[in-house]
$ cat my_file05.cif   # mmCIF, C-alpha atoms
data_upload
loop_
_atom_site.group_PDB
_atom_site.id
_atom_site.type_symbol
_atom_site.label_atom_id
_atom_site.label_comp_id
_atom_site.auth_asym_id
_atom_site.auth_seq_id
_atom_site.Cartn_x
_atom_site.Cartn_y
_atom_site.Cartn_z
ATOM 1 C CA MET A 134 19.097 103.936 74.370
ATOM 2 C CA GLU A 135 17.594 100.758 72.923
ATOM 3 C CA THR A 136 14.182 99.684 74.155
ATOM 4 C CA GLU A 137 13.351 96.050 74.806
ATOM 5 C CA GLN A 138 11.179 94.494 72.114
ATOM 6 C CA THR A 139 7.932 93.135 73.534
ATOM 7 C CA SER A 140 5.902 90.268 72.135
ATOM 8 C CA GLY A 141 2.419 91.094 70.933
ATOM 9 C CA PRO A 142 -0.738 90.395 72.939
ATOM 10 C CA LEU A 143 -2.530 87.043 72.960
ATOM 11 C CA VAL A 144 -6.318 86.940 72.510
ATOM 12 C CA ILE A 145 -7.515 83.540 73.738
ATOM 13 C CA ILE A 146 -11.212 82.701 73.269
ATOM 14 C CA GLY A 147 -13.234 79.833 74.743
ATOM 15 C CA GLY A 148 -15.145 79.097 71.536
ATOM 16 C CA ALA A 149 -18.653 79.848 70.211
ATOM 17 C CA GLU A 150 -17.906 83.574 70.196
ATOM 18 C CA ASP A 151 -20.533 85.976 68.837
ATOM 19 C CA ARG A 152 -19.962 86.543 65.104
ATOM 20 C CA GLU A 153 -23.315 88.122 64.222
ATOM 21 C CA GLY A 154 -24.063 90.847 66.780
ATOM 22 C CA ASP A 155 -21.684 93.185 68.595
ATOM 23 C CA CYS A 156 -18.830 90.634 68.341
ATOM 24 C CA VAL A 157 -17.388 91.900 71.627
ATOM 25 C CA VAL A 158 -14.519 89.415 71.816
ATOM 26 C CA LEU A 159 -13.531 89.423 68.134
ATOM 27 C CA ARG A 160 -13.785 93.212 68.163
ATOM 28 C CA GLU A 161 -10.985 93.286 70.769
ATOM 29 C CA PHE A 162 -8.819 91.048 68.579
ATOM 30 C CA VAL A 163 -9.228 93.433 65.630
ATOM 31 C CA ARG A 164 -8.574 96.441 67.857
ATOM 32 C CA ALA A 165 -5.385 94.884 69.281
ATOM 33 C CA SER A 166 -4.251 93.992 65.743
ATOM 34 C CA GLY A 167 -4.371 97.614 64.596
ATOM 35 C CA GLY A 168 -8.073 98.375 64.151
ATOM 36 C CA VAL A 169 -8.806 99.824 60.710
ATOM 37 C CA LYS A 170 -5.116 99.374 59.854
ATOM 38 C CA ALA A 171 -5.088 95.677 60.813
ATOM 39 C CA HIS A 172 -3.695 93.068 58.421
ATOM 40 C CA ILE A 173 -5.186 89.799 59.645
ATOM 41 C CA VAL A 174 -4.294 86.259 58.635
ATOM 42 C CA VAL A 175 -6.765 83.484 59.509
ATOM 43 C CA MET A 176 -5.133 80.087 60.125
ATOM 44 C CA THR A 177 -7.561 77.261 59.292
ATOM 45 C CA ALA A 178 -5.344 74.284 60.223
ATOM 46 C CA ALA A 179 -7.689 73.052 62.972
ATOM 47 C CA THR A 180 -10.822 72.701 60.847
ATOM 48 C CA THR A 181 -11.770 70.160 58.190
ATOM 49 C CA ARG A 182 -13.914 72.891 56.529
ATOM 50 C CA PRO A 183 -11.230 75.518 55.861
ATOM 51 C CA GLU A 184 -12.986 77.441 53.073
ATOM 52 C CA GLU A 185 -16.323 77.721 54.884
ATOM 53 C CA VAL A 186 -14.828 78.608 58.263
ATOM 54 C CA GLY A 187 -12.237 80.933 56.751
ATOM 55 C CA ASP A 188 -14.818 82.839 54.711
ATOM 56 C CA ASP A 189 -16.923 83.331 57.850
ATOM 57 C CA TYR A 190 -14.031 85.023 59.650
ATOM 58 C CA ILE A 191 -13.213 87.134 56.586
ATOM 59 C CA ARG A 192 -16.804 88.421 56.690
ATOM 60 C CA VAL A 193 -16.634 89.241 60.413
ATOM 61 C CA PHE A 194 -13.190 90.862 60.433
ATOM 62 C CA GLU A 195 -13.947 92.952 57.340
ATOM 63 C CA ARG A 196 -17.247 94.097 58.874
ATOM 64 C CA LEU A 197 -15.349 95.189 61.988
ATOM 65 C CA GLY A 198 -13.063 97.301 59.802
ATOM 66 C CA ALA A 199 -9.818 95.366 59.325
ATOM 67 C CA LYS A 200 -7.831 96.722 56.376
ATOM 68 C CA SER A 201 -7.127 93.260 54.933
ATOM 69 C CA VAL A 202 -7.988 89.660 55.810
ATOM 70 C CA GLN A 203 -6.272 86.688 54.189
ATOM 71 C CA LEU A 204 -6.501 82.944 54.712
ATOM 72 C CA VAL A 205 -3.680 80.481 55.272
ATOM 73 C CA HIS A 206 -4.824 76.907 54.648
ATOM 74 C CA THR A 207 -2.572 74.121 55.936
ATOM 75 C CA GLU A 208 -4.319 70.866 55.123
ATOM 76 C CA ARG A 209 -1.026 69.007 55.080
ATOM 77 C CA ARG A 210 2.398 69.655 56.577
ATOM 78 C CA GLU A 211 3.895 70.641 53.200
ATOM 79 C CA ASP A 212 1.570 73.675 53.114
ATOM 80 C CA SER A 213 3.534 75.120 56.039
ATOM 81 C CA GLU A 214 6.604 75.395 53.814
ATOM 82 C CA ARG A 215 4.839 77.309 51.007
ATOM 83 C CA GLU A 216 6.381 80.726 50.398
ATOM 84 C CA GLU A 217 2.979 82.344 49.815
ATOM 85 C CA ASN A 218 1.737 81.292 53.246
ATOM 86 C CA ILE A 219 4.916 82.449 54.948
ATOM 87 C CA ARG A 220 4.784 85.844 53.193
ATOM 88 C CA ARG A 221 1.196 86.378 54.371
ATOM 89 C CA VAL A 222 2.182 85.696 57.977
ATOM 90 C CA GLU A 223 5.236 87.948 57.735
ATOM 91 C CA ALA A 224 2.988 90.877 56.725
ATOM 92 C CA ALA A 225 0.317 90.242 59.371
ATOM 93 C CA THR A 226 -0.414 92.397 62.397
ATOM 94 C CA GLY A 227 -2.883 89.803 63.718
ATOM 95 C CA ILE A 228 -2.784 86.002 63.305
ATOM 96 C CA PHE A 229 -5.983 84.129 64.208
ATOM 97 C CA PHE A 230 -6.395 80.354 64.689
ATOM 98 C CA THR A 231 -9.898 78.949 64.172
ATOM 99 C CA GLY A 232 -11.589 76.163 66.091
ATOM 100 C CA GLY A 233 -11.596 72.481 65.201
ATOM 101 C CA ASP A 234 -9.044 69.944 66.395
ATOM 102 C CA GLN A 235 -5.991 71.394 68.160
ATOM 103 C CA SER A 236 -3.904 68.353 67.239
ATOM 104 C CA ARG A 237 -4.150 69.355 63.574
ATOM 105 C CA ILE A 238 -2.490 72.701 64.362
ATOM 106 C CA VAL A 239 0.466 70.971 65.969
ATOM 107 C CA ASP A 240 0.683 68.200 63.366
ATOM 108 C CA PHE A 241 0.591 70.542 60.352
ATOM 109 C CA ILE A 242 2.483 73.606 61.632
ATOM 110 C CA GLN A 243 4.766 72.917 64.593
ATOM 111 C CA GLY A 244 8.462 72.825 63.688
ATOM 112 C CA THR A 245 7.951 74.176 60.154
ATOM 113 C CA SER A 246 9.042 77.401 58.458
ATOM 114 C CA LEU A 247 5.514 78.733 58.971
ATOM 115 C CA ASP A 248 5.745 78.033 62.708
ATOM 116 C CA GLN A 249 9.004 79.975 62.869
ATOM 117 C CA ALA A 250 7.453 82.882 60.933
ATOM 118 C CA ILE A 251 4.449 83.014 63.287
ATOM 119 C CA HIS A 252 6.627 83.092 66.397
ATOM 120 C CA THR A 253 8.923 85.688 64.824
ATOM 121 C CA ARG A 254 5.975 87.959 64.027
ATOM 122 C CA HIS A 255 4.609 87.522 67.558
ATOM 123 C CA ALA A 256 7.991 88.413 69.054
ATOM 124 C CA ALA A 257 7.965 91.547 66.872
ATOM 125 C CA GLY A 258 4.571 92.645 68.210
ATOM 126 C CA ALA A 259 1.913 90.876 66.120
ATOM 127 C CA VAL A 260 -1.184 89.660 67.950
ATOM 128 C CA ILE A 261 -1.859 85.911 68.171
ATOM 129 C CA GLY A 262 -5.523 85.016 68.594
ATOM 130 C CA GLY A 263 -7.367 81.730 68.740
ATOM 131 C CA THR A 264 -10.760 80.275 69.559
ATOM 132 C CA SER A 265 -11.651 76.810 70.891
ATOM 133 C CA ALA A 266 -8.906 74.581 69.415
ATOM 134 C CA GLY A 267 -7.033 77.801 68.673
ATOM 135 C CA ALA A 268 -7.154 78.541 72.416
ATOM 136 C CA ALA A 269 -6.228 75.048 73.594
ATOM 137 C CA MET A 270 -2.981 75.068 71.596
ATOM 138 C CA MET A 271 -1.599 78.264 73.210
ATOM 139 C CA PRO A 272 0.433 76.664 76.069
ATOM 140 C CA ASP A 273 3.594 74.585 75.724
ATOM 141 C CA GLU A 274 1.617 71.542 76.943
ATOM 142 C CA MET A 275 -2.007 71.408 75.787
ATOM 143 C CA ILE A 276 -5.133 69.397 76.495
ATOM 144 C CA VAL A 277 -5.612 67.124 73.477
ATOM 145 C CA GLY A 278 -8.831 65.506 74.659
ATOM 146 C CA GLY A 279 -10.605 63.798 77.522
ATOM 147 C CA ALA A 280 -13.965 63.380 79.180
ATOM 148 C CA SER A 281 -16.031 66.194 80.691
ATOM 149 C CA VAL A 282 -16.179 64.877 84.249
ATOM 150 C CA SER A 283 -17.029 66.292 87.668
ATOM 151 C CA ASN A 284 -14.264 64.438 89.496
ATOM 152 C CA PRO A 285 -10.682 64.385 88.192
ATOM 153 C CA SER A 286 -8.919 61.112 87.412
ATOM 154 C CA VAL A 287 -5.761 60.189 85.513
ATOM 155 C CA ASP A 288 -7.734 59.051 82.460
ATOM 156 C CA ALA A 289 -9.952 62.167 82.424
ATOM 157 C CA VAL A 290 -7.499 64.063 80.233
ATOM 158 C CA GLU A 291 -5.022 63.475 77.415
ATOM 159 C CA MET A 292 -2.094 65.873 77.126
ATOM 160 C CA GLY A 293 0.315 66.665 74.287
ATOM 161 C CA PRO A 294 2.749 69.351 73.100
ATOM 162 C CA GLY A 295 1.229 72.753 72.321
ATOM 163 C CA MET A 296 2.491 75.705 70.300
ATOM 164 C CA GLY A 297 4.172 77.485 73.214
ATOM 165 C CA PHE A 298 2.715 81.001 73.018
ATOM 166 C CA LEU A 299 1.778 81.002 76.733
ATOM 167 C CA PRO A 300 4.048 78.597 78.667
ATOM 168 C CA GLY A 301 3.395 77.489 82.217
ATOM 169 C CA VAL A 302 -0.396 77.322 82.016
ATOM 170 C CA VAL A 303 -3.036 74.813 80.954
ATOM 171 C CA ILE A 304 -6.079 76.043 79.022
ATOM 172 C CA ASP A 305 -9.482 74.397 78.628
ATOM 173 C CA GLN A 306 -12.250 75.906 76.514
ATOM 174 C CA HIS A 307 -16.091 75.666 76.326
ATOM 175 C CA PHE A 308 -15.506 75.460 80.058
ATOM 176 C CA ALA A 309 -18.737 76.035 81.979
ATOM 177 C CA GLN A 310 -20.873 74.862 79.064
ATOM 178 C CA ARG A 311 -19.257 71.400 78.987
ATOM 179 C CA GLY A 312 -18.478 70.967 82.698
ATOM 180 C CA ARG A 313 -14.710 70.659 82.340
ATOM 181 C CA LEU A 314 -13.472 71.546 85.836
ATOM 182 C CA GLY A 315 -12.528 67.925 86.604
ATOM 183 C CA ARG A 316 -10.584 67.689 83.331
ATOM 184 C CA LEU A 317 -8.681 70.904 84.042
ATOM 185 C CA LEU A 318 -7.800 69.790 87.580
ATOM 186 C CA ALA A 319 -6.511 66.456 86.268
ATOM 187 C CA ALA A 320 -4.378 68.262 83.684
ATOM 188 C CA LEU A 321 -2.835 70.492 86.355
ATOM 189 C CA VAL A 322 -1.871 67.535 88.520
ATOM 190 C CA LEU A 323 -0.386 65.576 85.613
ATOM 191 C CA GLN A 324 1.603 68.473 84.089
ATOM 192 C CA PRO A 325 4.135 70.902 85.625
ATOM 193 C CA ALA A 326 1.912 73.920 84.827
ATOM 194 C CA VAL A 327 0.993 76.015 87.858
ATOM 195 C CA VAL A 328 -2.138 77.825 86.647
ATOM 196 C CA GLY A 329 -5.170 76.425 84.843
ATOM 197 C CA LEU A 330 -7.472 78.675 82.826
ATOM 198 C CA GLY A 331 -11.005 77.518 82.060
ATOM 199 C CA ILE A 332 -12.481 79.836 79.418
ATOM 200 C CA ASP A 333 -16.242 79.969 78.862
ATOM 201 C CA GLU A 334 -17.845 80.300 75.440
ATOM 202 C CA ASP A 335 -18.142 83.817 73.981
ATOM 203 C CA THR A 336 -15.436 84.838 76.461
ATOM 204 C CA GLY A 337 -11.762 85.564 76.069
ATOM 205 C CA ILE A 338 -8.652 86.839 77.752
ATOM 206 C CA ILE A 339 -6.301 89.467 76.377
ATOM 207 C CA VAL A 340 -2.802 88.657 77.616
ATOM 208 C CA THR A 341 -0.278 91.489 77.690
ATOM 209 C CA GLY A 342 2.994 90.780 79.448
ATOM 210 C CA ASP A 343 2.267 89.036 82.754
ATOM 211 C CA GLU A 344 -1.365 90.137 82.937
ATOM 212 C CA PHE A 345 -4.634 89.288 81.262
ATOM 213 C CA LYS A 346 -7.993 91.071 81.038
ATOM 214 C CA VAL A 347 -11.338 89.272 80.682
ATOM 215 C CA VAL A 348 -13.780 90.187 77.881
ATOM 216 C CA GLY A 349 -17.069 88.622 76.815
ATOM 217 C CA SER A 350 -20.334 87.328 78.230
ATOM 218 C CA GLY A 351 -19.013 84.476 80.412
ATOM 219 C CA ALA A 352 -16.183 84.098 82.903
ATOM 220 C CA ILE A 353 -12.667 82.773 83.337
ATOM 221 C CA THR A 354 -12.073 80.091 85.969
ATOM 222 C CA VAL A 355 -8.511 80.363 87.286
ATOM 223 C CA VAL A 356 -7.145 77.376 89.198
ATOM 224 C CA ASP A 357 -3.889 77.894 91.128
ATOM 225 C CA GLU A 358 -2.387 74.496 91.964
ATOM 226 C CA THR A 359 0.712 75.937 93.674
ATOM 227 C CA THR A 360 -1.220 76.277 96.934
ATOM 228 C CA ALA A 361 -2.086 72.559 97.025
ATOM 229 C CA THR A 362 -0.910 70.726 100.143
ATOM 230 C CA HIS A 363 -1.759 67.179 99.067
ATOM 231 C CA ASN A 364 -2.632 64.923 96.156
ATOM 232 C CA ASN A 365 -2.794 61.142 95.905
ATOM 233 C CA LEU A 366 -1.260 60.798 92.435
ATOM 234 C CA GLU A 367 1.548 58.475 93.558
ATOM 235 C CA GLY A 368 0.398 54.887 93.159
ATOM 236 C CA LEU A 369 -2.935 55.895 91.652
ATOM 237 C CA LEU A 370 -4.448 53.725 88.894
ATOM 238 C CA LYS A 371 -5.692 55.597 85.833
ATOM 239 C CA ASP A 372 -9.429 55.271 86.529
ATOM 240 C CA GLU A 373 -9.220 56.087 90.245
ATOM 241 C CA PRO A 374 -10.245 59.548 91.530
ATOM 242 C CA ILE A 375 -7.600 62.174 92.186
ATOM 243 C CA ALA A 376 -7.611 63.891 95.588
ATOM 244 C CA LEU A 377 -6.536 67.546 95.773
ATOM 245 C CA CYS A 378 -6.362 69.684 98.906
ATOM 246 C CA ASN A 379 -6.116 73.476 99.252
ATOM 247 C CA VAL A 380 -6.254 74.421 95.586
ATOM 248 C CA LYS A 381 -7.082 78.113 95.027
ATOM 249 C CA LEU A 382 -9.859 79.071 92.584
ATOM 250 C CA HIS A 383 -10.968 82.430 91.118
ATOM 251 C CA ILE A 384 -13.998 83.227 88.925
ATOM 252 C CA LEU A 385 -13.405 86.372 86.837
ATOM 253 C CA PRO A 386 -16.082 87.970 84.589
ATOM 254 C CA GLN A 387 -15.620 90.759 82.051
ATOM 255 C CA GLY A 388 -13.395 93.651 83.127
ATOM 256 C CA TYR A 389 -11.424 91.727 85.737
ATOM 257 C CA ARG A 390 -7.680 91.298 85.425
ATOM 258 C CA PHE A 391 -5.234 88.676 86.654
ATOM 259 C CA ASN A 392 -1.456 88.673 87.096
ATOM 260 C CA LEU A 393 0.010 85.369 85.900
ATOM 261 C CA LYS A 394 3.339 86.021 87.640
ATOM 262 C CA THR A 395 1.980 86.722 91.117
ATOM 263 C CA ARG A 396 -1.054 84.483 90.483
ATOM 264 C CA GLU A 397 -3.369 87.098 91.976
ATOM 265 C CA PRO A 398 -6.482 88.851 90.608
ATOM 266 C CA LEU A 399 -6.252 92.615 90.200
ATOM 267 C CA LEU A 400 -9.378 94.019 91.827
#
$ encode --input "my_file05.cif" --output "structure tokens"
Amino acid sequence: METEQTSGPLVIIGGAEDREGDCVVLREFVRASGGVKAHIVVMTAATTRPEEVGDDYIRVFERLGAKSVQLVHTERREDSEREENIRRVEAATGIFFTGGDQSRIVDFIQGTSLDQAIHTRHAAGAVIGGTSAGAAMMPDEMIVGGASVSNPSVDAVEMGPGMGFLPGVVIDQHFAQRGRLGRLLAALVLQPAVVGLGIDEDTGIIVTGDEFKVVGSGAITVVDETTATHNNLEGLLKDEPIALCNVKLHILPQGYRFNLKTREPLL
């Protein structure tokens, strides 16, 4: 009897993860990618310092025991059609997107042969990881930018197409450190996503199937907008405050789990 092929896990990190000490969050990415047998590819599309940032992750992943670590630089869209880059992705058990500007990931990779290779490897079981910008790009609709504000408004957030690894959610990173609750709430009201995930620095989620587990020193803020009974978006001008009633919120530190399908924490 044939068994259904399952996509690999997602390791989504809020940025500023520990790379010098125990590396708790990155350690889980290496472990999920195969541990000492892991073949990791580091995607540097988001950063304007690809060699420096890439070399830093090579150092960390090799120290944690990965069998091989290679870089894929995409500083222009044509790089995403290079056979060498595609071959590296096709052999990877873990594919990691660095921080920087999430728009660069979409601009240089989305819709290319490299994009297809990444999604094919993920569907075959490879792990997709990302930090900061590499976390923001995970949904089908991502936060491109916006102000860190206490109160949500239409102009508090700018949205754009993401890479589609985790549809139906909105992700914001550096969450508690930069006070981004208002931005995440605005994004949820403006987009058809039902769950918002605010990921603190040095914190990540490991998504397997419909569930995720929290790892790291901070917490995950989960906002469930499906319970909302009212908002004032209709007729609202872009700089006017958004009203939201009966939105559900969860704060989940390390070890807690959450079911994205039922939208309930697993205690």
$ atom_distance --input "my_file05.cif" --atom1 "atom CA of A:Asn365" --atom2 "atom CA of A:Gly278"
22.5 Å
$ atom_distance --input "my_file05.cif" --atom1 "atom CA of A:Pro142" --atom2 "atom CA of A:Leu321"
24.1 Å
$ resolve_selection --input "my_file05.cif" --expression "the PyMOL selection byres ((chain A and resi 251) around 12)" --output "NGL selection string"
:A and (140-141 or 174-176 or 205 or 213 or 218-230 or 242-250 or 252-262 or 296-298)
$ resolve_selection --input "my_file05.cif" --expression "the PyMOL selection byres ((chain A and resi 163) around 8)" --output "MDAnalysis selection string"
chainID A and resid 159:162 164:168 171 194 197:199 227
$ resolve_selection --input "my_file05.cif" --expression "the PyMOL selection byres ((chain A and resi 388) around 7)" --output "PyMOL selection string"
chain A and resi 346-348+386-387+389-390
$ closest_residue --input "my_file05.cif" --among "A:Thr341, A:Gly233, A:Pro374, A:Val380" --to "A:Ala289" --atoms "all atoms listed in the file"
A:Pro374
$ residues_around --input "my_file05.cif" --residues "A:Ile238" --least-positions-apart "2" --cutoff "9 Å" --atoms "all atoms listed in the file" --output "ChimeraX atom specification"
/A:176-179,207,230,234-236,240-243,266-267,270,295-296
$ atom_distance --input "my_file05.cif" --atom1 "atom CA of A:Asp335" --atom2 "atom CA of A:Ala352"
9.1 Å
$ residues_around --input "my_file05.cif" --residues "A:Glu344" --least-positions-apart "6" --cutoff "9 Å" --atoms "only C-alpha atoms" --output "PyMOL selection string"
chain A and resi 390-394
$ closest_residue --input "my_file05.cif" --among "A:Thr360, A:Gly312, A:His307, A:His383" --to "A:Ile146" --atoms "all atoms listed in the file"
A:His307
$ residues_near_point --input "my_file05.cif" --point "(-7.1, 66.0, 83.6)" --cutoff "12 Å" --atoms "all atoms listed in the file" --output "mmCIF file with C-alpha atoms, keeping the file's coordinate frame"
data_model
loop_
_atom_site.group_PDB
_atom_site.id
_atom_site.type_symbol
_atom_site.label_atom_id
_atom_site.label_comp_id
_atom_site.auth_asym_id
_atom_site.auth_seq_id
_atom_site.Cartn_x
_atom_site.Cartn_y
_atom_site.Cartn_z
ATOM 1 C CA MET A 275 -2.007 71.408 75.787
ATOM 2 C CA ILE A 276 -5.133 69.397 76.495
ATOM 3 C CA VAL A 277 -5.612 67.124 73.477
ATOM 4 C CA GLY A 278 -8.831 65.506 74.659
ATOM 5 C CA GLY A 279 -10.605 63.798 77.522
ATOM 6 C CA ALA A 280 -13.965 63.380 79.180
ATOM 7 C CA SER A 281 -16.031 66.194 80.691
ATOM 8 C CA VAL A 282 -16.179 64.877 84.249
ATOM 9 C CA SER A 283 -17.029 66.292 87.668
ATOM 10 C CA ASN A 284 -14.264 64.438 89.496
ATOM 11 C CA PRO A 285 -10.682 64.385 88.192
ATOM 12 C CA SER A 286 -8.919 61.112 87.412
ATOM 13 C CA VAL A 287 -5.761 60.189 85.513
ATOM 14 C CA ASP A 288 -7.734 59.051 82.460
ATOM 15 C CA ALA A 289 -9.952 62.167 82.424
ATOM 16 C CA VAL A 290 -7.499 64.063 80.233
ATOM 17 C CA GLU A 291 -5.022 63.475 77.415
ATOM 18 C CA MET A 292 -2.094 65.873 77.126
ATOM 19 C CA GLY A 293 0.315 66.665 74.287
ATOM 20 C CA VAL A 303 -3.036 74.813 80.954
ATOM 21 C CA ILE A 304 -6.079 76.043 79.022
ATOM 22 C CA ASP A 305 -9.482 74.397 78.628
ATOM 23 C CA ARG A 313 -14.710 70.659 82.340
ATOM 24 C CA LEU A 314 -13.472 71.546 85.836
ATOM 25 C CA GLY A 315 -12.528 67.925 86.604
ATOM 26 C CA ARG A 316 -10.584 67.689 83.331
ATOM 27 C CA LEU A 317 -8.681 70.904 84.042
ATOM 28 C CA LEU A 318 -7.800 69.790 87.580
ATOM 29 C CA ALA A 319 -6.511 66.456 86.268
ATOM 30 C CA ALA A 320 -4.378 68.262 83.684
ATOM 31 C CA LEU A 321 -2.835 70.492 86.355
ATOM 32 C CA VAL A 322 -1.871 67.535 88.520
ATOM 33 C CA LEU A 323 -0.386 65.576 85.613
ATOM 34 C CA GLN A 324 1.603 68.473 84.089
ATOM 35 C CA GLY A 329 -5.170 76.425 84.843
ATOM 36 C CA LEU A 366 -1.260 60.798 92.435
ATOM 37 C CA LYS A 371 -5.692 55.597 85.833
ATOM 38 C CA ASP A 372 -9.429 55.271 86.529
ATOM 39 C CA PRO A 374 -10.245 59.548 91.530
ATOM 40 C CA ILE A 375 -7.600 62.174 92.186
#
$ axis_aligned_box --input "my_file05.cif" --around "stretch 298-303 of chain A" --padding-each-side "3 Å" --output "lines of an AutoDock Vina configuration file"
center_x = 0.5
center_y = 77.9
center_z = 77.6
size_x = 13.1
size_y = 12.2
size_z = 15.2
$ closest_residue --input "my_file05.cif" --among "A:Asp343, A:Asp333, A:Glu373, A:Asp189" --to "A:Gln203" --atoms "only C-alpha atoms"
A:Asp189
$ residues_around --input "my_file05.cif" --residues "A:Val327" --least-positions-apart "2" --cutoff "7 Å" --atoms "all atoms listed in the file" --output "number ranges by chain"
A: 301-302, 321, 325, 329, 357-359
$ build_atoms --input "my_file05.cif" --residues "stretch 303-319 of chain A" --atoms "N, CA and C atoms" --output "short mmCIF file (atom, residue, chain, number, x, y, z; two decimals), keeping the file's coordinate frame"
data_model
loop_
_atom_site.label_atom_id
_atom_site.label_comp_id
_atom_site.auth_asym_id
_atom_site.auth_seq_id
_atom_site.Cartn_x
_atom_site.Cartn_y
_atom_site.Cartn_z
N VAL A 303 -2.21 75.76 81.70
CA VAL A 303 -3.04 74.81 80.95
C VAL A 303 -4.36 75.51 80.66
N ILE A 304 -4.85 75.37 79.43
CA ILE A 304 -6.08 76.04 79.02
C ILE A 304 -7.12 75.01 78.61
N ASP A 305 -8.35 75.19 79.12
CA ASP A 305 -9.48 74.40 78.63
C ASP A 305 -10.57 75.37 78.19
N GLN A 306 -11.29 75.01 77.14
CA GLN A 306 -12.25 75.91 76.51
C GLN A 306 -13.66 75.31 76.61
N HIS A 307 -14.69 76.08 76.17
CA HIS A 307 -16.09 75.67 76.33
C HIS A 307 -16.32 75.24 77.78
N PHE A 308 -15.77 75.98 78.71
CA PHE A 308 -15.51 75.46 80.06
C PHE A 308 -16.78 75.19 80.87
N ALA A 309 -17.52 76.24 81.19
CA ALA A 309 -18.74 76.04 81.98
C ALA A 309 -19.78 75.24 81.21
N GLN A 310 -19.84 75.48 79.90
CA GLN A 310 -20.87 74.86 79.06
C GLN A 310 -20.71 73.34 79.00
N ARG A 311 -19.48 72.85 79.10
CA ARG A 311 -19.26 71.40 78.99
C ARG A 311 -18.75 70.77 80.29
N GLY A 312 -18.81 71.52 81.39
CA GLY A 312 -18.48 70.97 82.70
C GLY A 312 -17.08 70.38 82.78
N ARG A 313 -16.07 71.19 82.49
CA ARG A 313 -14.71 70.66 82.34
C ARG A 313 -13.78 70.94 83.52
N LEU A 314 -14.33 71.26 84.69
CA LEU A 314 -13.47 71.55 85.84
C LEU A 314 -12.64 70.32 86.22
N GLY A 315 -13.27 69.14 86.26
CA GLY A 315 -12.53 67.92 86.60
C GLY A 315 -11.39 67.66 85.64
N ARG A 316 -11.62 67.90 84.34
CA ARG A 316 -10.58 67.69 83.33
C ARG A 316 -9.42 68.66 83.53
N LEU A 317 -9.73 69.92 83.83
CA LEU A 317 -8.68 70.90 84.04
C LEU A 317 -7.86 70.58 85.28
N LEU A 318 -8.52 70.17 86.36
CA LEU A 318 -7.80 69.79 87.58
C LEU A 318 -6.87 68.60 87.33
N ALA A 319 -7.35 67.61 86.59
CA ALA A 319 -6.51 66.46 86.27
C ALA A 319 -5.29 66.88 85.46
#
